[in-house]
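Here's start.cif, which has mmCIF, C-alpha atoms:
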```cif
data_structure
#
loop_
_atom_site.group_PDB
_atom_site.id
_atom_site.type_symbol
_atom_site.label_atom_id
_atom_site.label_comp_id
_atom_site.auth_asym_id
_atom_site.auth_seq_id
_atom_site.Cartn_x
_atom_site.Cartn_y
_atom_site.Cartn_z
ATOM 1 C CA MET C 99 0.000 0.000 0.000
ATOM 2 C CA LYS C 100 2.779 2.426 0.932
ATOM 3 C CA ARG C 101 4.613 1.492 -2.234
ATOM 4 C CA ASN C 102 1.628 2.366 -4.438
ATOM 5 C CA LEU C 103 1.218 5.668 -2.623
ATOM 6 C CA ALA C 104 4.907 6.480 -3.170
ATOM 7 C CA ILE C 105 4.603 5.645 -6.858
ATOM 8 C CA GLN C 106 1.484 7.802 -7.166
ATOM 9 C CA ILE C 107 3.330 10.737 -5.611
ATOM 10 C CA LEU C 108 6.719 10.300 -7.296
ATOM 11 C CA CYS C 109 5.512 9.657 -10.869
ATOM 12 C CA PRO C 110 3.817 13.060 -11.278
ATOM 13 C CA LEU C 111 6.828 14.704 -9.639
ATOM 14 C CA PHE C 112 9.243 13.124 -12.125
ATOM 15 C CA LEU C 113 6.933 14.053 -15.008
ATOM 16 C CA LEU C 114 6.930 17.691 -13.889
ATOM 17 C CA ILE C 115 10.716 17.764 -13.608
ATOM 18 C CA GLY C 116 11.081 16.143 -17.030
ATOM 19 C CA ALA C 117 8.604 18.558 -18.585
ATOM 20 C CA GLY C 118 10.538 21.492 -17.112
ATOM 21 C CA ASN C 119 13.771 20.218 -18.661
ATOM 22 C CA ILE C 120 12.075 19.720 -22.035
ATOM 23 C CA CYS C 121 10.689 23.269 -21.902
ATOM 24 C CA GLN C 122 14.168 24.619 -21.092
ATOM 25 C CA ALA C 123 15.650 22.704 -24.037
ATOM 26 C CA GLN C 124 12.927 23.973 -26.385
ATOM 27 C CA VAL C 125 13.489 27.573 -25.306
ATOM 28 C CA LEU C 126 17.225 27.319 -26.017
ATOM 29 C CA GLU C 127 16.962 25.280 -29.233
ATOM 30 C CA GLY C 128 19.321 26.991 -31.678
ATOM 31 C CA LYS C 129 20.099 29.678 -29.092
ATOM 32 C CA PHE C 130 22.504 30.282 -26.289
ATOM 33 C CA ARG C 131 21.942 32.228 -23.090
ATOM 34 C CA ILE C 132 24.363 34.083 -20.825
ATOM 35 C CA ARG C 133 23.090 35.350 -17.482
ATOM 36 C CA TRP C 134 25.003 37.711 -15.187
ATOM 37 C CA ARG C 135 24.170 38.116 -11.493
ATOM 38 C CA LEU C 136 26.678 40.536 -10.013
ATOM 39 C CA ASN C 137 26.963 42.392 -6.706
ATOM 40 C CA ASN C 138 28.927 45.548 -5.893
ATOM 41 C CA ILE C 139 29.116 46.593 -9.548
ATOM 42 C CA PRO C 140 28.327 50.273 -10.228
ATOM 43 C CA ASP C 141 25.468 50.909 -12.654
ATOM 44 C CA SER C 142 27.942 52.867 -14.786
ATOM 45 C CA VAL C 143 29.672 49.628 -15.855
ATOM 46 C CA ARG C 144 28.877 48.487 -19.373
ATOM 47 C CA GLY C 145 29.320 44.894 -20.466
ATOM 48 C CA VAL C 146 30.878 44.481 -23.905
ATOM 49 C CA MET C 147 31.167 41.220 -25.862
ATOM 50 C CA TYR C 148 32.888 40.510 -29.127
ATOM 51 C CA VAL C 149 33.858 37.439 -31.121
ATOM 52 C CA PHE C 150 37.415 36.347 -30.333
ATOM 53 C CA ASN C 151 39.778 37.065 -33.205
ATOM 54 C CA PRO C 152 43.004 35.006 -33.066
ATOM 55 C CA THR C 153 44.801 37.447 -35.382
ATOM 56 C CA MET C 154 44.431 40.136 -32.677
ATOM 57 C CA THR C 155 42.976 42.613 -35.162
ATOM 58 C CA ALA C 156 40.121 44.849 -34.119
ATOM 59 C CA SER C 157 36.824 43.103 -33.682
ATOM 60 C CA LYS C 158 33.345 44.603 -33.693
ATOM 61 C CA ALA C 159 31.311 44.354 -30.492
ATOM 62 C CA ILE C 160 28.333 42.030 -30.824
ATOM 63 C CA ALA C 161 26.763 43.299 -27.595
ATOM 64 C CA ASP C 162 27.110 46.407 -25.471
ATOM 65 C CA PHE C 163 24.802 46.678 -22.482
ATOM 66 C CA PRO C 164 24.553 48.223 -19.024
ATOM 67 C CA LEU C 165 24.978 45.926 -16.038
ATOM 68 C CA GLN C 166 22.354 47.842 -14.089
ATOM 69 C CA ASN C 167 21.534 46.329 -10.742
ATOM 70 C CA GLY C 168 24.206 43.761 -11.599
ATOM 71 C CA GLU C 169 21.860 41.646 -13.704
ATOM 72 C CA MET C 170 21.717 40.974 -17.404
ATOM 73 C CA ILE C 171 20.556 38.192 -19.722
ATOM 74 C CA TYR C 172 21.911 37.933 -23.251
ATOM 75 C CA GLU C 173 20.464 35.462 -25.753
ATOM 76 C CA ASP C 174 21.204 34.952 -29.419
ATOM 77 C CA THR C 175 20.920 32.302 -32.091
ATOM 78 C CA ILE C 176 23.975 30.450 -33.258
ATOM 79 C CA SER C 177 24.791 27.718 -35.770
ATOM 80 C CA GLN C 178 28.145 26.545 -34.414
ATOM 81 C CA PRO C 179 30.295 27.037 -31.300
ATOM 82 C CA LYS C 180 31.928 30.448 -30.958
ATOM 83 C CA HIS C 181 34.586 31.875 -28.699
ATOM 84 C CA LEU C 182 33.542 35.233 -27.262
ATOM 85 C CA LYS C 183 35.329 37.744 -25.079
ATOM 86 C CA PHE C 184 33.560 39.779 -22.406
ATOM 87 C CA PHE C 185 34.888 42.795 -20.537
ATOM 88 C CA GLY C 186 33.533 45.460 -18.249
ATOM 89 C CA TRP C 187 33.901 48.992 -19.539
ATOM 90 C CA ALA C 188 34.208 51.590 -16.784
ATOM 91 C CA LYS C 189 36.733 53.692 -14.953
ATOM 92 C CA ASP C 190 38.825 51.588 -12.552
ATOM 93 C CA PHE C 191 37.588 48.319 -14.058
ATOM 94 C CA PRO C 192 40.436 45.846 -14.661
ATOM 95 C CA ASN C 193 41.953 45.560 -18.106
ATOM 96 C CA TRP C 194 40.980 41.907 -18.471
ATOM 97 C CA THR C 195 38.613 39.817 -20.556
ATOM 98 C CA LEU C 196 36.542 36.808 -19.698
ATOM 99 C CA ASP C 197 36.582 33.930 -22.196
ATOM 100 C CA LEU C 198 33.089 32.698 -23.014
ATOM 101 C CA TRP C 199 32.270 29.797 -25.301
ATOM 102 C CA VAL C 200 28.734 29.590 -26.657
ATOM 103 C CA ASP C 201 26.904 26.868 -28.548
ATOM 104 C CA ARG C 202 23.381 25.937 -29.583
ATOM 105 C CA GLY C 203 21.277 25.029 -26.581
ATOM 106 C CA GLY C 204 24.054 26.208 -24.285
ATOM 107 C CA TRP C 205 23.816 28.355 -21.208
ATOM 108 C CA ILE C 206 26.310 30.168 -19.030
ATOM 109 C CA ASP C 207 25.467 31.487 -15.579
ATOM 110 C CA ILE C 208 27.894 34.078 -14.173
ATOM 111 C CA GLN C 209 27.836 35.175 -10.549
ATOM 112 C CA GLY C 210 30.257 37.650 -9.034
ATOM 113 C CA LYS C 211 30.664 40.140 -6.246
ATOM 114 C CA ASP C 212 32.968 42.852 -7.552
ATOM 115 C CA LYS C 213 35.013 44.071 -10.515
ATOM 116 C CA TRP C 214 37.463 41.122 -10.491
ATOM 117 C CA LEU C 215 35.767 39.177 -13.269
ATOM 118 C CA HIS C 216 38.430 36.467 -13.313
ATOM 119 C CA GLN C 217 37.127 35.456 -9.870
ATOM 120 C CA TRP C 218 33.471 35.278 -10.862
ATOM 121 C CA MET C 219 31.772 31.889 -10.478
ATOM 122 C CA ILE C 220 30.733 30.424 -13.828
ATOM 123 C CA THR C 221 28.516 27.401 -14.399
ATOM 124 C CA THR C 222 27.652 26.048 -17.821
ATOM 125 C CA ASN C 223 26.551 23.084 -19.891
ATOM 126 C CA ILE C 224 28.973 23.914 -22.736
ATOM 127 C CA PRO C 225 32.009 21.562 -22.961
ATOM 128 C CA GLN C 226 34.382 24.197 -24.404
ATOM 129 C CA GLN C 227 33.466 26.612 -21.598
ATOM 130 C CA LYS C 228 34.128 23.917 -18.998
ATOM 131 C CA GLU C 229 37.576 23.387 -20.539
ATOM 132 C CA ALA C 230 38.259 27.137 -20.501
ATOM 133 C CA LEU C 231 37.279 27.220 -16.826
ATOM 134 C CA SER C 232 39.706 24.387 -16.060
ATOM 135 C CA TYR C 233 42.512 26.308 -17.759
ATOM 136 C CA ALA C 234 41.593 29.501 -15.887
ATOM 137 C CA ALA C 235 41.730 27.598 -12.588
ATOM 138 C CA CYS C 236 45.253 26.377 -13.439
ATOM 139 C CA THR C 237 46.470 29.908 -14.190
ATOM 140 C CA ALA C 238 44.608 31.733 -11.384
ATOM 141 C CA ASP C 239 47.761 32.738 -9.462
ATOM 142 C CA GLU C 240 49.411 34.172 -12.572
ATOM 143 C CA THR C 241 46.213 36.024 -13.478
ATOM 144 C CA ASP C 242 46.051 37.585 -10.001
ATOM 145 C CA GLU C 243 49.669 38.685 -10.326
ATOM 146 C CA CYS C 244 49.079 40.257 -13.760
ATOM 147 C CA LEU C 245 46.012 42.131 -12.554
ATOM 148 C CA GLN C 246 47.825 43.439 -9.474
ATOM 149 C CA MET C 247 50.623 44.761 -11.699
ATOM 150 C CA ASP C 248 48.060 46.265 -14.071
ATOM 151 C CA GLU C 249 46.307 48.025 -11.212
ATOM 152 C CA LYS C 250 49.629 49.477 -10.003
ATOM 153 C CA CYS C 251 50.371 50.698 -13.529
ATOM 154 C CA GLN C 252 46.968 52.342 -13.779
ATOM 155 C CA VAL C 253 47.578 54.184 -10.492
ATOM 156 C CA HIS C 254 51.014 55.270 -11.716
ATOM 157 C CA ASP C 255 49.588 56.423 -15.057
ATOM 158 C CA SER C 256 46.833 58.426 -13.387
ATOM 159 C CA LEU C 257 49.379 60.096 -11.077
ATOM 160 C CA PHE C 258 51.496 60.945 -14.114
ATOM 161 C CA TRP C 259 48.604 62.576 -15.939
ATOM 162 C CA THR C 260 47.286 64.278 -12.796
ATOM 163 C CA ALA C 261 50.687 65.866 -12.121
ATOM 164 C CA GLY C 262 50.657 67.254 -15.639
ATOM 165 C CA ILE C 263 53.271 66.870 -18.295
ATOM 166 C CA SER C 264 54.416 70.476 -17.923
ATOM 167 C CA SER C 265 55.629 69.883 -14.366
ATOM 168 C CA ILE C 266 57.999 67.130 -15.496
ATOM 169 C CA THR C 267 59.292 68.531 -18.780
ATOM 170 C CA GLY C 268 62.485 69.668 -17.061
ATOM 171 C CA VAL C 269 63.264 66.035 -16.326
ATOM 172 C CA LEU C 270 62.697 65.072 -19.929
ATOM 173 C CA GLU C 271 64.648 67.937 -21.516
ATOM 174 C CA LYS C 272 68.368 67.825 -22.194
ATOM 175 C CA PRO C 273 70.302 69.710 -19.506
ATOM 176 C CA SER C 274 71.654 73.035 -20.813
ATOM 177 C CA ASN C 275 75.195 72.489 -19.494
ATOM 178 C CA ILE C 276 75.897 69.519 -21.764
#
```

Structure re-expressed in C-alpha cells:
Amino acid sequence: MKRNLAIQILCPLFLLIGAGNICQAQVLEGKFRIRWRLNNIPDSVRGVMYVFNPTMTASKAIADFPLQNGEMIYEDTISQPKHLKFFGWAKDFPNWTLDLWVDRGGWIDIQGKDKWLHQWMITTNIPQQKEALSYAACTADETDECLQMDEKCQVHDSLFWTAGISSITGVLEKPSNI
C-alpha cells in the first residue's frame, strides 16, 4: 500500500521535472543564453562582448549593455560554437577579458561580487566553456599577479597625468650644461 502511494506521488513529480527540462531545451533550441548576477558593480559599468579574433585585429562588439543592478541576460541564435570575449567597460575596471564559449542550446550562468571578473563563479553546460574554466583555474595565481601589476600601472599612469606633463618637462629635456 505504501509502495503504491509512493509511486502515485513520485511519478507526477518526475513528469513535472522532465517537462521542465524539455521546456528549457525547447526555449534554447538553436540559441545560447548568458546570465550575469553581479553584486557591488556600479550601474555605470557596461558589459561588452565581441567574437574572439586570433589574429588580434580589431573586432566589432556584438553586444554592449549596461549591467544595471548587476543583472543581465543575453540570448542569441547560433549555428556553431563560438569563442567570445567579455569585458567590463568603466573607470577603474580591470583591463581583463573573460573567455566565453557559446553553442546551440548552451547556457552560461555568471555570478560575481565585484570588478574582479576572473574570480566570478561560472557554471555552464557547454564543454568548451568547462575546458576554458579548467585552464583559468590552473592559471589563477598568474592572473592575479598580472592584474595586481596592471592596477599598479593604472595608479602610476593616473598620477602621471594628474601631475601634468608640464611639471615634469624639465626632467625630460636635455640639460643646458651639456

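Here CA of Asp201 in chain C stands at a distance of 8.2 Å from CA of Gly128 in chain C.
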
Which residues match the PyMOL selection byres ((chain C and resi 224) around 9) in the file above, as a PyMOL selection string? chain C and resi 199-201+203-206+222-223+225-229

For Asn137 in chain C, please output as a ChimeraX atom specification all residues within 10 Å (counting only C-alpha atoms; exclusion window: fewer than 4 positions along the same chain). /C:167-169,209-213

Output for the residues just chosen: C-alpha atoms as an mmCIF file, keeping the file's coordinate frame:
```
data_model
loop_
_atom_site.group_PDB
_atom_site.id
_atom_site.type_symbol
_atom_site.label_atom_id
_atom_site.label_comp_id
_atom_site.auth_asym_id
_atom_site.auth_seq_id
_atom_site.Cartn_x
_atom_site.Cartn_y
_atom_site.Cartn_z
ATOM 1 C CA ASN C 167 21.534 46.329 -10.742
ATOM 2 C CA GLY C 168 24.206 43.761 -11.599
ATOM 3 C CA GLU C 169 21.860 41.646 -13.704
ATOM 4 C CA GLN C 209 27.836 35.175 -10.549
ATOM 5 C CA GLY C 210 30.257 37.650 -9.034
ATOM 6 C CA LYS C 211 30.664 40.140 -6.246
ATOM 7 C CA ASP C 212 32.968 42.852 -7.552
ATOM 8 C CA LYS C 213 35.013 44.071 -10.515
#
```

- Anything within 8 Å of (34.2, 46.3, -14.1): list those residues as a PyMOL selection string, counting all atoms listed in the file and sticking to the file's coordinates. chain C and resi 139+143-144+185-192+212-215

What's the 12 Å shell around range 232-240 of chain C, counting all atoms listed in the file, without same-chain residues fewer than 5 positions away, as a PDB file with C-alpha atoms, keeping the file's coordinate frame?
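Saved as result.pdb:
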```pdb
ATOM      1  CA  THR C 195      38.613  39.817 -20.556  1.00  0.00           C
ATOM      2  CA  LEU C 196      36.542  36.808 -19.698  1.00  0.00           C
ATOM      3  CA  ASP C 197      36.582  33.930 -22.196  1.00  0.00           C
ATOM      4  CA  LEU C 198      33.089  32.698 -23.014  1.00  0.00           C
ATOM      5  CA  TRP C 214      37.463  41.122 -10.491  1.00  0.00           C
ATOM      6  CA  LEU C 215      35.767  39.177 -13.269  1.00  0.00           C
ATOM      7  CA  HIS C 216      38.430  36.467 -13.313  1.00  0.00           C
ATOM      8  CA  GLN C 217      37.127  35.456  -9.870  1.00  0.00           C
ATOM      9  CA  TRP C 218      33.471  35.278 -10.862  1.00  0.00           C
ATOM     10  CA  MET C 219      31.772  31.889 -10.478  1.00  0.00           C
ATOM     11  CA  ILE C 220      30.733  30.424 -13.828  1.00  0.00           C
ATOM     12  CA  THR C 221      28.516  27.401 -14.399  1.00  0.00           C
ATOM     13  CA  PRO C 225      32.009  21.562 -22.961  1.00  0.00           C
ATOM     14  CA  GLN C 226      34.382  24.197 -24.404  1.00  0.00           C
ATOM     15  CA  GLN C 227      33.466  26.612 -21.598  1.00  0.00           C
ATOM     16  CA  LEU C 245      46.012  42.131 -12.554  1.00  0.00           C
ATOM     17  CA  GLN C 246      47.825  43.439  -9.474  1.00  0.00           C
ATOM     18  CA  MET C 247      50.623  44.761 -11.699  1.00  0.00           C
TER      19      MET C 247
END
```

As a check of understanding: the span from CA of Leu231 in chain C to CA of Asp207 in chain C is 12.6 Å

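Taking CA of Leu136 in chain C as the reference point, CA of Ala230 in chain C is found at 20.6 Å.
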
Of C:Pro152, C:Lys158, C:Pro164, C:Asp174, the one nearest to Ile132 in chain C when counting all atoms listed in the file is C:Asp174

Task: the PyMOL selection byres ((chain C and resi 129) around 7) applied to the shown file, residues as a count of residues only - done: 11

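Between Asp162 in chain C and the candidates C:Arg133, C:Thr241, C:Val146, C:His181, the tightest atom-to-atom separation, counting only C-alpha atoms, involves C:Val146.
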
Which is closer to Leu182 in chain C than all the others in C:Glu243, C:Thr153, C:Asn138, C:Ala159, using all atoms listed in the file?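 When distances to Leu182 in chain C are compared using all atoms listed in the file, the smallest one comes from C:Ala159.
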